[in-house]
Each structure stands twice: as C-alpha cells, then as structure tokens.
file my_file.txt (compact mmCIF, C-alpha atoms)
# COMPACT_ATOMS: atom_id res chain seq x y z
CA MET G 1 -33.72 -47.93 2.39
CA ASN G 2 -33.53 -51.51 3.59
CA LYS G 3 -33.91 -52.95 7.03
CA TYR G 4 -30.43 -54.47 7.24
CA LYS G 5 -30.54 -55.29 3.56
CA GLU G 6 -33.95 -55.89 2.00
CA ILE G 7 -35.22 -59.38 2.76
CA ILE G 8 -36.74 -61.28 -0.15
CA PRO G 9 -37.81 -64.86 -0.95
CA ILE G 10 -34.94 -67.10 -2.07
CA ARG G 11 -33.97 -66.43 -5.69
CA ASN G 12 -34.29 -69.21 -8.23
CA GLY G 13 -31.25 -71.48 -8.07
CA GLN G 14 -29.91 -69.96 -4.83
CA ASP G 15 -31.62 -72.15 -2.23
CA PHE G 16 -29.89 -75.05 -0.46
CA ASN G 17 -30.55 -78.24 1.50
CA ARG G 18 -32.28 -76.89 4.61
CA PRO G 19 -32.72 -80.21 6.49
CA ARG G 20 -29.00 -80.92 6.02
CA LEU G 21 -28.08 -77.45 7.31
CA THR G 22 -30.47 -77.80 10.25
CA GLU G 23 -28.89 -81.11 11.26
CA TYR G 24 -25.40 -79.62 10.97
CA LEU G 25 -26.19 -76.49 13.01
CA LYS G 26 -28.01 -78.29 15.81
CA LYS G 27 -24.88 -80.34 16.50
CA ARG G 28 -22.76 -77.22 16.86
CA ILE G 29 -24.94 -74.35 18.14
CA ALA G 30 -27.39 -74.28 21.06
CA LEU G 31 -30.61 -73.58 19.16
CA PRO G 32 -34.07 -73.11 20.70
CA GLY G 33 -36.49 -76.05 20.78
CA ASN G 34 -37.53 -78.07 17.76
CA THR G 35 -38.61 -75.16 15.59
CA GLU G 36 -38.15 -75.41 11.86
CA LEU G 37 -35.41 -73.47 10.10
CA GLU G 38 -36.65 -70.33 8.34
CA VAL G 39 -34.54 -68.88 5.54
CA GLN G 40 -34.82 -65.61 3.67
CA GLN G 41 -32.37 -63.89 1.36
CA PHE G 42 -30.93 -60.40 1.48
CA SER G 43 -31.50 -58.70 -1.85
CA ALA G 44 -28.21 -56.81 -2.04
CA GLY G 45 -24.98 -58.48 -3.08
CA MET G 46 -24.20 -59.85 -6.51
CA ALA G 47 -20.81 -61.39 -5.75
CA ASN G 48 -21.78 -63.54 -2.74
CA TYR G 49 -25.15 -64.64 -1.40
CA THR G 50 -26.30 -63.72 2.10
CA TYR G 51 -29.28 -65.14 4.02
CA LEU G 52 -31.16 -64.47 7.24
CA ILE G 53 -31.64 -67.78 9.04
CA LYS G 54 -33.99 -68.17 12.02
CA PHE G 55 -34.93 -70.79 14.59
CA ASP G 56 -37.76 -69.27 16.62
CA ASN G 57 -36.27 -66.04 18.10
CA TRP G 58 -32.65 -67.00 17.28
CA LYS G 59 -31.33 -65.16 14.22
CA ALA G 60 -28.05 -65.26 12.35
CA VAL G 61 -26.62 -64.54 8.92
CA LEU G 62 -25.35 -67.21 6.54
CA ARG G 63 -22.89 -66.10 3.87
CA ARG G 64 -21.79 -68.23 0.93
CA PRO G 65 -20.27 -67.92 -2.55
CA PRO G 66 -22.28 -68.37 -5.76
CA ASN G 67 -22.52 -71.72 -7.51
CA GLY G 68 -20.22 -72.78 -10.33
CA PRO G 69 -16.52 -72.24 -11.08
CA LEU G 70 -15.05 -69.12 -9.46
CA PRO G 71 -11.94 -66.98 -10.07
CA PRO G 72 -8.87 -68.10 -8.08
CA LYS G 73 -8.76 -66.71 -4.51
CA ALA G 74 -12.19 -65.08 -4.92
CA HIS G 75 -15.18 -65.73 -2.63
CA ASP G 76 -12.97 -67.20 0.11
CA MET G 77 -15.38 -67.73 3.00
CA GLY G 78 -12.75 -69.25 5.28
CA ARG G 79 -10.45 -66.26 4.96
CA GLU G 80 -13.29 -63.85 5.74
CA TYR G 81 -14.35 -65.92 8.76
CA ASN G 82 -10.80 -66.09 10.13
CA PHE G 83 -10.54 -62.32 9.86
CA PHE G 84 -13.73 -61.92 11.90
CA GLU G 85 -12.44 -64.26 14.60
CA LYS G 86 -9.34 -62.14 15.14
CA VAL G 87 -10.82 -58.66 14.76
CA TYR G 88 -14.31 -58.54 16.28
CA LYS G 89 -13.01 -58.11 19.85
CA HIS G 90 -10.87 -55.15 18.77
CA PHE G 91 -13.29 -53.49 16.34
CA PRO G 92 -16.93 -53.82 17.45
CA LEU G 93 -18.31 -52.94 14.01
CA VAL G 94 -17.30 -56.41 12.80
CA PRO G 95 -20.06 -59.01 13.36
CA LYS G 96 -19.22 -61.85 15.74
CA PRO G 97 -18.53 -65.09 13.83
CA PHE G 98 -20.21 -68.31 14.97
CA LEU G 99 -18.88 -71.07 12.73
CA PHE G 100 -17.29 -71.86 9.36
CA CYS G 101 -17.99 -74.95 7.27
CA ASP G 102 -15.95 -76.10 4.27
CA ASP G 103 -17.83 -79.41 3.95
CA LYS G 104 -19.58 -79.05 0.59
CA SER G 105 -21.94 -81.92 1.39
CA ILE G 106 -23.92 -79.59 3.69
CA ILE G 107 -25.19 -76.93 1.26
CA GLY G 108 -22.95 -77.51 -1.77
CA VAL G 109 -20.41 -74.74 -1.08
CA PRO G 110 -18.34 -73.47 1.88
CA PHE G 111 -20.19 -71.05 4.15
CA TYR G 112 -20.04 -69.33 7.50
CA ILE G 113 -22.55 -68.18 10.09
CA MET G 114 -22.24 -64.83 11.85
CA GLU G 115 -24.11 -62.53 14.20
CA TYR G 116 -27.12 -60.69 12.80
CA LYS G 117 -26.77 -56.96 13.52
CA GLU G 118 -30.19 -55.31 13.68
CA GLY G 119 -30.37 -51.96 11.92
CA THR G 120 -30.89 -50.09 8.68
CA VAL G 121 -28.84 -50.06 5.51
CA LEU G 122 -29.25 -46.98 3.34
CA ASP G 123 -29.29 -47.83 -0.33
CA LYS G 124 -31.67 -46.06 -2.71
CA LYS G 125 -33.97 -44.14 -0.35
CA PHE G 126 -34.47 -43.10 3.28
CA PRO G 127 -36.89 -44.76 5.73
CA ASP G 128 -40.33 -43.18 5.61
CA ASP G 129 -40.22 -42.33 9.32
CA ILE G 130 -36.93 -40.40 9.12
CA LYS G 131 -36.85 -36.63 8.82
CA VAL G 132 -33.95 -35.95 6.46
CA THR G 133 -32.00 -32.83 7.45
CA ASP G 134 -28.59 -31.44 6.56
CA GLU G 135 -27.57 -32.05 10.17
CA LEU G 136 -28.48 -35.75 9.94
CA LEU G 137 -26.67 -36.22 6.62
CA LYS G 138 -23.55 -34.54 7.99
CA GLN G 139 -23.71 -36.82 11.04
CA ILE G 140 -23.97 -39.93 8.86
CA SER G 141 -21.08 -38.65 6.75
CA ASN G 142 -18.92 -38.10 9.83
CA GLU G 143 -19.74 -41.57 11.15
CA VAL G 144 -18.72 -43.16 7.84
CA VAL G 145 -15.43 -41.27 7.64
CA ASN G 146 -14.53 -41.75 11.31
CA SER G 147 -15.19 -45.50 11.17
CA LEU G 148 -12.86 -45.77 8.20
CA VAL G 149 -10.22 -43.79 10.10
CA ASN G 150 -10.61 -46.09 13.13
CA LEU G 151 -10.26 -49.18 10.95
CA HIS G 152 -7.08 -47.88 9.36
CA GLN G 153 -5.59 -47.09 12.77
CA LEU G 154 -5.94 -50.64 14.12
CA ASP G 155 -2.59 -52.28 14.87
CA TYR G 156 -2.88 -55.23 12.49
CA LYS G 157 0.37 -56.77 13.73
CA LYS G 158 -0.79 -56.75 17.34
CA ILE G 159 -4.10 -58.37 16.32
CA GLY G 160 -2.21 -61.11 14.49
CA LEU G 161 -3.09 -60.25 10.91
CA GLU G 162 0.36 -59.89 9.33
CA SER G 163 -0.32 -62.86 7.06
CA LEU G 164 -3.61 -61.40 5.79
CA GLY G 165 -1.90 -59.51 2.98
CA HIS G 166 1.39 -58.41 1.46
CA PRO G 167 1.69 -54.62 1.60
CA ILE G 168 4.97 -54.38 -0.35
CA GLY G 169 4.03 -53.95 -4.01
CA PHE G 170 0.33 -53.65 -3.15
CA LEU G 171 -0.51 -51.01 -5.76
CA GLU G 172 1.40 -52.80 -8.51
CA ARG G 173 -0.47 -56.02 -7.75
CA GLN G 174 -3.78 -54.19 -7.81
CA VAL G 175 -3.13 -52.63 -11.21
CA PHE G 176 -1.61 -55.65 -12.93
CA GLY G 177 -3.94 -58.07 -11.16
CA TRP G 178 -7.03 -56.27 -12.38
CA ILE G 179 -5.60 -56.00 -15.88
CA LYS G 180 -5.27 -59.79 -15.84
CA ARG G 181 -8.80 -60.23 -14.51
CA HIS G 182 -10.18 -57.92 -17.19
CA GLU G 183 -8.46 -59.91 -19.91
CA ASN G 184 -9.34 -63.32 -18.49
CA SER G 185 -13.04 -62.39 -18.47
CA LYS G 186 -13.19 -60.54 -21.79
CA THR G 187 -16.52 -60.75 -23.60
CA HIS G 188 -16.31 -57.74 -25.90
CA SER G 189 -14.07 -54.85 -26.90
CA VAL G 190 -14.31 -52.22 -24.14
CA PRO G 191 -13.77 -48.66 -25.46
CA TYR G 192 -10.76 -46.87 -23.90
CA TYR G 193 -9.55 -50.01 -22.10
CA ASN G 194 -6.06 -49.92 -23.63
CA GLU G 195 -5.59 -46.21 -22.92
CA VAL G 196 -6.67 -46.61 -19.30
CA LYS G 197 -4.48 -49.70 -18.83
CA GLU G 198 -1.43 -47.87 -20.16
CA TRP G 199 -2.05 -44.78 -18.02
CA LEU G 200 -2.43 -46.80 -14.84
CA THR G 201 0.73 -48.84 -15.37
CA GLU G 202 2.75 -45.66 -16.03
CA ASN G 203 1.50 -43.65 -13.05
CA ILE G 204 1.71 -45.96 -10.01
CA PRO G 205 2.86 -43.87 -7.00
CA ASN G 206 4.78 -45.04 -3.96
CA SER G 207 2.53 -46.08 -1.08
CA THR G 208 2.90 -43.94 2.03
CA GLY G 209 1.09 -46.14 4.55
CA VAL G 210 0.00 -49.66 5.48
CA SER G 211 -3.15 -50.75 7.32
CA ILE G 212 -6.09 -53.14 7.35
CA ILE G 213 -8.24 -52.16 4.38
CA HIS G 214 -11.84 -53.24 3.86
CA ASN G 215 -11.55 -52.98 0.06
CA ASP G 216 -15.31 -52.56 -0.48
CA TYR G 217 -16.16 -49.82 2.02
CA LYS G 218 -19.36 -48.01 1.03
CA LEU G 219 -22.57 -46.78 2.60
CA ASN G 220 -24.71 -49.76 1.62
CA ASN G 221 -22.23 -52.09 3.33
CA ILE G 222 -22.88 -50.32 6.64
CA VAL G 223 -25.63 -51.07 9.18
CA LEU G 224 -26.93 -47.92 10.89
CA SER G 225 -29.06 -47.54 14.01
CA PRO G 226 -32.78 -47.01 13.28
CA ASP G 227 -32.38 -43.24 13.74
CA LEU G 228 -29.37 -43.36 11.36
CA LYS G 229 -27.16 -41.53 13.85
CA GLU G 230 -24.59 -44.24 14.55
CA ILE G 231 -22.97 -47.19 12.83
CA ARG G 232 -23.73 -50.64 14.24
CA ALA G 233 -21.82 -52.84 11.81
CA ILE G 234 -19.75 -52.92 8.66
CA LEU G 235 -20.53 -55.79 6.29
CA ASP G 236 -19.02 -57.68 3.32
CA TRP G 237 -15.38 -58.16 4.30
CA GLU G 238 -14.55 -60.68 1.56
CA MET G 239 -11.78 -58.53 0.04
CA VAL G 240 -10.21 -57.35 3.32
CA THR G 241 -6.42 -57.26 3.24
CA ILE G 242 -3.33 -55.43 4.45
CA GLY G 243 -2.50 -52.68 2.01
CA ASP G 244 -2.48 -49.00 1.18
CA PRO G 245 -5.17 -47.15 3.18
CA LEU G 246 -5.52 -44.51 0.44
CA PHE G 247 -6.76 -47.26 -1.87
CA ASP G 248 -9.48 -47.95 0.69
CA LEU G 249 -10.27 -44.25 0.95
CA ALA G 250 -10.56 -44.06 -2.84
CA ASN G 251 -12.90 -47.07 -2.83
CA ALA G 252 -15.20 -45.26 -0.40
CA LEU G 253 -15.02 -42.12 -2.54
CA ALA G 254 -15.80 -43.97 -5.78
CA TYR G 255 -19.11 -45.18 -4.34
CA TRP G 256 -19.80 -41.84 -2.63
CA THR G 257 -21.54 -40.31 -5.64
CA GLN G 258 -22.44 -36.63 -5.80
CA HIS G 259 -25.43 -34.91 -7.39
CA ASP G 260 -23.17 -33.30 -10.01
CA ASP G 261 -21.33 -36.48 -11.02
CA SER G 262 -21.12 -37.65 -14.61
CA PRO G 263 -24.12 -39.73 -15.76
CA LEU G 264 -21.55 -42.40 -16.67
CA VAL G 265 -20.93 -42.89 -12.93
CA LYS G 266 -24.37 -42.21 -11.50
CA GLY G 267 -25.94 -44.68 -13.92
CA SER G 268 -23.68 -47.50 -12.72
CA LEU G 269 -22.79 -46.63 -9.12
CA PHE G 270 -25.71 -44.55 -7.92
CA SER G 271 -25.76 -43.94 -4.18
CA ILE G 272 -28.06 -42.06 -1.86
CA THR G 273 -25.00 -39.95 -1.02
CA ALA G 274 -25.91 -37.88 -4.10
CA THR G 275 -28.55 -36.27 -1.86
CA PRO G 276 -27.45 -32.68 -1.10
CA GLY G 277 -26.40 -32.47 2.55
CA PHE G 278 -24.06 -35.46 2.56
CA PHE G 279 -20.36 -34.65 2.48
CA THR G 280 -18.92 -33.96 -0.92
CA ARG G 281 -15.95 -36.14 -1.80
CA GLU G 282 -13.71 -33.14 -1.08
CA GLU G 283 -15.21 -32.84 2.42
CA PHE G 284 -14.86 -36.60 2.90
CA ILE G 285 -11.15 -36.39 2.05
CA HIS G 286 -10.67 -33.39 4.34
CA GLN G 287 -12.32 -35.13 7.31
CA TYR G 288 -10.28 -38.29 6.69
CA SER G 289 -7.09 -36.23 6.51
CA LEU G 290 -7.92 -34.58 9.85
CA GLY G 291 -8.67 -37.95 11.47
CA THR G 292 -5.49 -39.64 10.25
CA LYS G 293 -3.29 -36.52 10.46
CA GLN G 294 -2.15 -37.41 6.96
CA GLU G 295 -1.80 -35.37 3.79
CA ILE G 296 -3.77 -37.02 0.98
CA THR G 297 -1.72 -37.15 -2.23
CA ASN G 298 -2.14 -38.77 -5.69
CA ILE G 299 -5.86 -39.21 -5.10
CA ASP G 300 -6.60 -39.10 -8.85
CA PHE G 301 -4.48 -42.20 -9.40
CA TYR G 302 -6.15 -44.02 -6.50
CA LEU G 303 -9.62 -43.15 -7.78
CA ALA G 304 -8.79 -44.23 -11.33
CA ALA G 305 -7.35 -47.52 -10.02
CA VAL G 306 -10.43 -48.18 -7.89
CA TYR G 307 -12.84 -47.45 -10.74
CA PHE G 308 -10.76 -49.84 -12.87
CA LYS G 309 -11.06 -52.48 -10.14
CA ILE G 310 -14.83 -51.99 -9.92
CA THR G 311 -15.10 -52.21 -13.70
CA GLY G 312 -13.12 -55.46 -13.65
CA ALA G 313 -15.34 -56.96 -10.96
CA VAL G 314 -18.44 -56.05 -12.98
CA GLN G 315 -16.87 -57.54 -16.10
CA GLN G 316 -16.21 -60.80 -14.26
CA MET G 317 -19.89 -61.01 -13.27
CA PHE G 318 -20.99 -60.29 -16.85
CA TYR G 319 -18.59 -62.97 -18.12
CA ARG G 320 -20.15 -65.55 -15.78
CA TYR G 321 -23.58 -64.65 -17.17
CA LYS G 322 -22.43 -64.82 -20.79
CA ILE G 323 -20.91 -68.29 -20.47
CA GLY G 324 -23.92 -69.64 -18.57
CA GLN G 325 -22.45 -69.99 -15.08
CA THR G 326 -25.36 -67.97 -13.70
CA ASN G 327 -28.87 -67.21 -14.89
CA ASP G 328 -29.23 -64.19 -12.59
CA GLU G 329 -30.86 -61.57 -14.82
CA ARG G 330 -29.30 -58.76 -12.77
CA TYR G 331 -26.10 -59.61 -14.66
CA SER G 332 -27.57 -59.41 -18.16
CA ASN G 333 -26.73 -55.77 -18.96
CA LEU G 334 -23.57 -55.32 -16.96
CA ASP G 335 -21.58 -54.79 -20.16
CA ILE G 336 -23.18 -51.32 -20.34
CA ASP G 337 -21.81 -50.47 -16.89
CA VAL G 338 -18.36 -51.75 -17.90
CA ASN G 339 -18.31 -49.55 -20.99
CA ASN G 340 -19.60 -46.47 -19.15
CA LEU G 341 -17.16 -46.75 -16.26
CA MET G 342 -14.17 -47.29 -18.53
CA LYS G 343 -15.16 -44.23 -20.56
CA PHE G 344 -15.47 -42.24 -17.34
CA ILE G 345 -11.96 -43.25 -16.16
CA TYR G 346 -10.56 -42.16 -19.52
CA GLN G 347 -12.37 -38.82 -19.58
CA GLN G 348 -11.86 -37.94 -15.90
CA TYR G 349 -8.27 -39.04 -15.33
CA VAL G 350 -6.42 -40.12 -18.49
CA GLN G 351 -7.41 -37.16 -20.66
CA LYS G 352 -6.65 -34.54 -17.99

call {"tool": "encode", "arguments": {"input": "my_file.txt", "output": "structure tokens"}}
result
Amino acid sequence: MNKYKEIIPIRNGQDFNRPRLTEYLKKRIALPGNTELEVQQFSAGMANYTYLIKFDNWKAVLRRPPNGPLPPKAHDMGREYNFFEKVYKHFPLVPKPFLFCDDKSIIGVPFYIMEYKEGTVLDKKFPDDIKVTDELLKQISNEVVNSLVNLHQLDYKKIGLESLGHPIGFLERQVFGWIKRHENSKTHSVPYYNEVKEWLTENIPNSTGVSIIHNDYKLNNIVLSPDLKEIRAILDWEMVTIGDPLFDLANALAYWTQHDDSPLVKGSLFSITATPGFFTREEFIHQYSLGTKQEITNIDFYLAAVYFKITGAVQQMFYRYKIGQTNDERYSNLDIDVNNLMKFIYQQYVQK
C-alpha cells in the first residue's frame, strides 16, 4: 500500500534545478508566501518520473520524462497535458492540469504540473488500518471495472479528441509497432519471440468498437479513497489514445493477476489483485460486458497482444540500462521479465 504512491527522497540523477523551477512557477501560479519549494519523489513509475512539490500548504504533482535519448513519440508530456485540459471537466477521475512547460532550460526536460489527488494507491499490500473482507474487495473490483466502462463510453468526438489517435488500423499498428520496438531495442535472443511474433501477425481480428483508451489501466494507477471504497483519480495517461476498447480491457486484465496464475506472470506483473476476494479475470470481463452491453470476443488475441506490448516496454527499459542511458538499478534484471513474459505468451496463447 502507498499513500498516493510511496513518497521517497529524490533518486540519484533524478533531481532538477529547484531555484529555477521556483522562479518559473511563481510567475505563473499564485503560490503562498515566500516559502521554499519542497520536492519528494513518488517511488512507482519506471517510464516517467513523478514528484510531489509543495509550497507551504499548496501541493501539486510534477511529471516529467527520464533523461537521455528517448524512443520517438514516447514520454510526450505535452500530449498528456493537452488530454487533461480537454477531459477533466467531463471525467472527474482525471486530475486537473495547471501548466505545461516545454522550455528545457527550466529543469532540463519538458514537464507539466497537475492537481494532487489525496488518497491511497494499492500496490503490494493493504493499509494496516483496513479490514480486508470479500465485500470490500468486490467493491474495489466493481469500482475499477465501472470506471473503465465510463471512460470507454465518453463521446471523444464531442470532447474534441478526434485527433488524439487513429482508430482505423489500430490493432495492426499495435502489433507491428511493438514488433519494431522489440527489434530496435534488442539486447539478447528472447526465447519464443519469433513464434509469438508470427502468431500475432496472423491472428489480428477486426475491431468492433472505438473509444478513448487509457492504455495502461491497472490498479496501481488508481487513487482510492482512504477507506478504499471509491476511486478518486486515475493516473499515468501518457499512452492515452483513441482505439479499440477491448485492447484497454485486455491491458487491465493482464495486470489483474490471480492467485492461480503462472509464476512466469506473477513474478513479473504481481498485483495485490491475486488476493482471493478480488474479481477473477472472468468476473472482470463479465462485469465489463454488462456495463458496456457488449459481447467480448477474441479476448485471447487481445491478451496476447497486450502481454507482447508490456514485454516490449520492459525490453526498451532494459535496453536503456544496457547502453548506459540510465543507471537506475531497478532496470538491471529486466531481461528476466522479458524472457518470462514471452515464454508465457507462447505457452498460454500460441501453443493452444
């Protein structure tokens, strides 16, 4: 369990010019008094860095990409900020954005500032003061599914988000795009990669729907109320787009691990949802189907494609570590996760 996400001292190499940021913010935001800027880092998040910034009793969240060269179109802070500006009035689980800065002279990279949503993020364990019951876990499960349903039912055209993505050919771009990313970040021979790649390219179904999709929807990207009974915010919208909602559903399912999952998955993508009492993935799908009044088809393909995407993202992080673009030791053994997840995709979907 983390309050919001666990707050830690700034990691080595991930701090920034605080006086420069203070000067910049005070010209643009009404901040209290002459208090000094306080900065702490949220522990979660390996793709982008997120910080709690404070001036006296004023709090906000700063979000920025990592240092060094980045993959094309990845870590686009401006795109994420623009999405917030258009959506937060229509979907209250999106934090309110305050400002975006693409002037690299301020902290070295583009960044944005957004509302800090007080609450609890469930990650590895429950808060000590919470009595964990089947009823509570079912309620959390329902909240997670229903929020995803509500997101997918937003009228993205009415909100003005038609240019956010290109839904025609979405699944093809996902499959072939992640193949390209895998191969551009290759560090070693990944067992079963070729078999999985071939299976995915030969089994792409026709999409049956279009919606806003979060693209990284999972329990530890959700802020819950202190009693865990309602959702206060959904975080980490970097990959949001317009696409196939079943791909988003599959993303949620891939991170929604169960107690009887393969060790290949639980070792890499462990979630507190493996606690008995949470929905099973089958129950999650059923509740989503009821909420959207939609029959869920080809879910095996969607799950395989999402696991392949996750594996590619992990491989990109390991590649950055191997070539010296980051010294973050959390990246040092990610090749093991890549190998395990690829083996799982092969065993669970390709071999069937």

call {"tool": "residues_around", "arguments": {"input": "my_file.txt", "residues": "range 139-150 of chain G", "least_positions_apart": "6", "cutoff": "9 Å", "atoms": "all atoms listed in the file", "output": "list in words"}}
result
Phe91, Leu93, Ile213, His214, Tyr217, Lys218, Leu219, Ile222, Leu224, Leu228, Lys229, Glu230, Ile231, Asp248, Leu249, Ala252, Thr273, Phe278, Phe279, Phe284, Ile285, Gln287, Tyr288, Ser289, Gly291 and Thr292 of chain G

call {"tool": "closest_residue", "arguments": {"input": "my_file.txt", "among": "G:Ala60, G:Ile212, G:Leu246, G:Val265", "to": "Gly160 in chain G", "atoms": "all atoms listed in the file"}}
result
G:Ile212

call {"tool": "closest_residue", "arguments": {"input": "my_file.txt", "among": "G:Glu172, G:Asp244, G:Glu162, G:Asp134", "to": "Asn203 in chain G", "atoms": "all atoms listed in the file"}}
result
G:Glu172

call {"tool": "closest_atom_pairs", "arguments": {"input": "my_file.txt", "of": "range 202-232 of chain G", "to": "range 118-127 of chain G", "cutoff": "6 Å", "atoms": "only C-alpha atoms", "output": "JSON lines"}}
result
{"residue": "G:Asn220", "atom": "CA", "partner": "G:Asp123", "partner_atom": "CA", "distance": 5.3}
{"residue": "G:Val223", "atom": "CA", "partner": "G:Val121", "partner_atom": "CA", "distance": 5.0}
{"residue": "G:Leu224", "atom": "CA", "partner": "G:Thr120", "partner_atom": "CA", "distance": 5.0}
{"residue": "G:Ser225", "atom": "CA", "partner": "G:Gly119", "partner_atom": "CA", "distance": 5.1}
{"residue": "G:Pro226", "atom": "CA", "partner": "G:Gly119", "partner_atom": "CA", "distance": 5.7}

call {"tool": "residues_near_point", "arguments": {"input": "my_file.txt", "point": "(-2.2, -57.5, 2.7)", "cutoff": "8 Å", "atoms": "all atoms listed in the file", "output": "ChimeraX atom specification"}}
result
/G:162-167,170,212,241-243

call {"tool": "closest_residue", "arguments": {"input": "my_file.txt", "among": "G:Ile159, G:Ala305, G:Ala250, G:Arg20", "to": "Lys89 in chain G", "atoms": "all atoms listed in the file"}}
result
G:Ile159

call {"tool": "closest_residue", "arguments": {"input": "my_file.txt", "among": "G:Met114, G:Trp178, G:Gly78, G:Lys138", "to": "Asp102 in chain G", "atoms": "all atoms listed in the file"}}
result
G:Gly78

call {"tool": "build_atoms", "arguments": {"input": "my_file.txt", "residues": "range 261-282 of chain G", "atoms": "N, CA, C and O atoms", "output": "JSON list (two decimals), in the coordinates of the input"}}
result
[["chain", "number", "residue", "atom", "x", "y", "z"],
["G", 261, "ASP", "N", -22.21, -35.51, -10.36],
["G", 261, "ASP", "CA", -21.33, -36.48, -11.02],
["G", 261, "ASP", "C", -21.77, -36.74, -12.45],
["G", 261, "ASP", "O", -22.94, -36.53, -12.83],
["G", 262, "SER", "N", -20.84, -37.25, -13.24],
["G", 262, "SER", "CA", -21.12, -37.65, -14.61],
["G", 262, "SER", "C", -22.21, -38.73, -14.64],
["G", 262, "SER", "O", -22.21, -39.64, -13.80],
["G", 263, "PRO", "N", -23.12, -38.66, -15.61],
["G", 263, "PRO", "CA", -24.12, -39.73, -15.76],
["G", 263, "PRO", "C", -23.48, -41.10, -15.96],
["G", 263, "PRO", "O", -24.08, -42.12, -15.64],
["G", 264, "LEU", "N", -22.25, -41.12, -16.48],
["G", 264, "LEU", "CA", -21.55, -42.40, -16.67],
["G", 264, "LEU", "C", -21.33, -43.11, -15.34],
["G", 264, "LEU", "O", -21.33, -44.34, -15.27],
["G", 265, "VAL", "N", -21.13, -42.32, -14.27],
["G", 265, "VAL", "CA", -20.93, -42.89, -12.93],
["G", 265, "VAL", "C", -22.27, -43.11, -12.24],
["G", 265, "VAL", "O", -22.54, -44.19, -11.70],
["G", 266, "LYS", "N", -23.11, -42.11, -12.24],
["G", 266, "LYS", "CA", -24.37, -42.21, -11.50],
["G", 266, "LYS", "C", -25.26, -43.32, -12.05],
["G", 266, "LYS", "O", -26.03, -43.93, -11.31],
["G", 267, "GLY", "N", -25.14, -43.61, -13.35],
["G", 267, "GLY", "CA", -25.94, -44.68, -13.92],
["G", 267, "GLY", "C", -25.51, -46.05, -13.47],
["G", 267, "GLY", "O", -26.30, -46.99, -13.44],
["G", 268, "SER", "N", -24.23, -46.19, -13.11],
["G", 268, "SER", "CA", -23.68, -47.50, -12.72],
["G", 268, "SER", "C", -23.49, -47.65, -11.22],
["G", 268, "SER", "O", -23.63, -48.75, -10.68],
["G", 269, "LEU", "N", -23.15, -46.56, -10.54],
["G", 269, "LEU", "CA", -22.79, -46.63, -9.12],
["G", 269, "LEU", "C", -23.64, -45.68, -8.29],
["G", 269, "LEU", "O", -23.16, -45.13, -7.30],
["G", 270, "PHE", "N", -24.88, -45.51, -8.64],
["G", 270, "PHE", "CA", -25.71, -44.55, -7.92],
["G", 270, "PHE", "C", -25.76, -44.86, -6.44],
["G", 270, "PHE", "O", -25.88, -46.01, -6.02],
["G", 271, "SER", "N", -25.66, -43.80, -5.64],
["G", 271, "SER", "CA", -25.76, -43.94, -4.18],
["G", 271, "SER", "C", -26.63, -42.81, -3.64],
["G", 271, "SER", "O", -26.69, -41.72, -4.21],
["G", 272, "ILE", "N", -27.25, -43.07, -2.52],
["G", 272, "ILE", "CA", -28.06, -42.06, -1.86],
["G", 272, "ILE", "C", -27.21, -40.88, -1.41],
["G", 272, "ILE", "O", -27.74, -39.80, -1.09],
["G", 273, "THR", "N", -25.89, -41.04, -1.40],
["G", 273, "THR", "CA", -25.00, -39.95, -1.02],
["G", 273, "THR", "C", -25.06, -38.78, -2.01],
["G", 273, "THR", "O", -24.53, -37.70, -1.72],
["G", 274, "ALA", "N", -25.70, -38.99, -3.16],
["G", 274, "ALA", "CA", -25.91, -37.88, -4.10],
["G", 274, "ALA", "C", -26.93, -36.88, -3.58],
["G", 274, "ALA", "O", -27.09, -35.79, -4.15],
["G", 275, "THR", "N", -27.62, -37.20, -2.49],
["G", 275, "THR", "CA", -28.55, -36.27, -1.86],
["G", 275, "THR", "C", -27.79, -35.08, -1.29],
["G", 275, "THR", "O", -26.86, -35.26, -0.49],
["G", 276, "PRO", "N", -28.13, -33.86, -1.68],
["G", 276, "PRO", "CA", -27.45, -32.68, -1.10],
["G", 276, "PRO", "C", -27.57, -32.68, 0.42],
["G", 276, "PRO", "O", -28.63, -32.94, 0.97],
["G", 277, "GLY", "N", -26.45, -32.42, 1.08],
["G", 277, "GLY", "CA", -26.40, -32.47, 2.55],
["G", 277, "GLY", "C", -25.36, -33.45, 3.02],
["G", 277, "GLY", "O", -24.76, -33.26, 4.09],
["G", 278, "PHE", "N", -25.17, -34.57, 2.26],
["G", 278, "PHE", "CA", -24.06, -35.46, 2.56],
["G", 278, "PHE", "C", -22.75, -34.73, 2.24],
["G", 278, "PHE", "O", -22.72, -33.78, 1.44],
["G", 279, "PHE", "N", -21.66, -35.17, 2.84],
["G", 279, "PHE", "CA", -20.36, -34.65, 2.48],
["G", 279, "PHE", "C", -20.16, -34.75, 0.97],
["G", 279, "PHE", "O", -20.59, -35.72, 0.34],
["G", 280, "THR", "N", -19.48, -33.77, 0.41],
["G", 280, "THR", "CA", -18.92, -33.96, -0.92],
["G", 280, "THR", "C", -17.69, -34.85, -0.78],
["G", 280, "THR", "O", -17.20, -35.07, 0.34],
["G", 281, "ARG", "N", -17.17, -35.35, -1.89],
["G", 281, "ARG", "CA", -15.95, -36.14, -1.80],
["G", 281, "ARG", "C", -14.79, -35.30, -1.25],
["G", 281, "ARG", "O", -13.95, -35.80, -0.50],
["G", 282, "GLU", "N", -14.76, -34.03, -1.60],
["G", 282, "GLU", "CA", -13.71, -33.14, -1.08],
["G", 282, "GLU", "C", -13.80, -33.03, 0.43],
["G", 282, "GLU", "O", -12.78, -33.07, 1.15]]
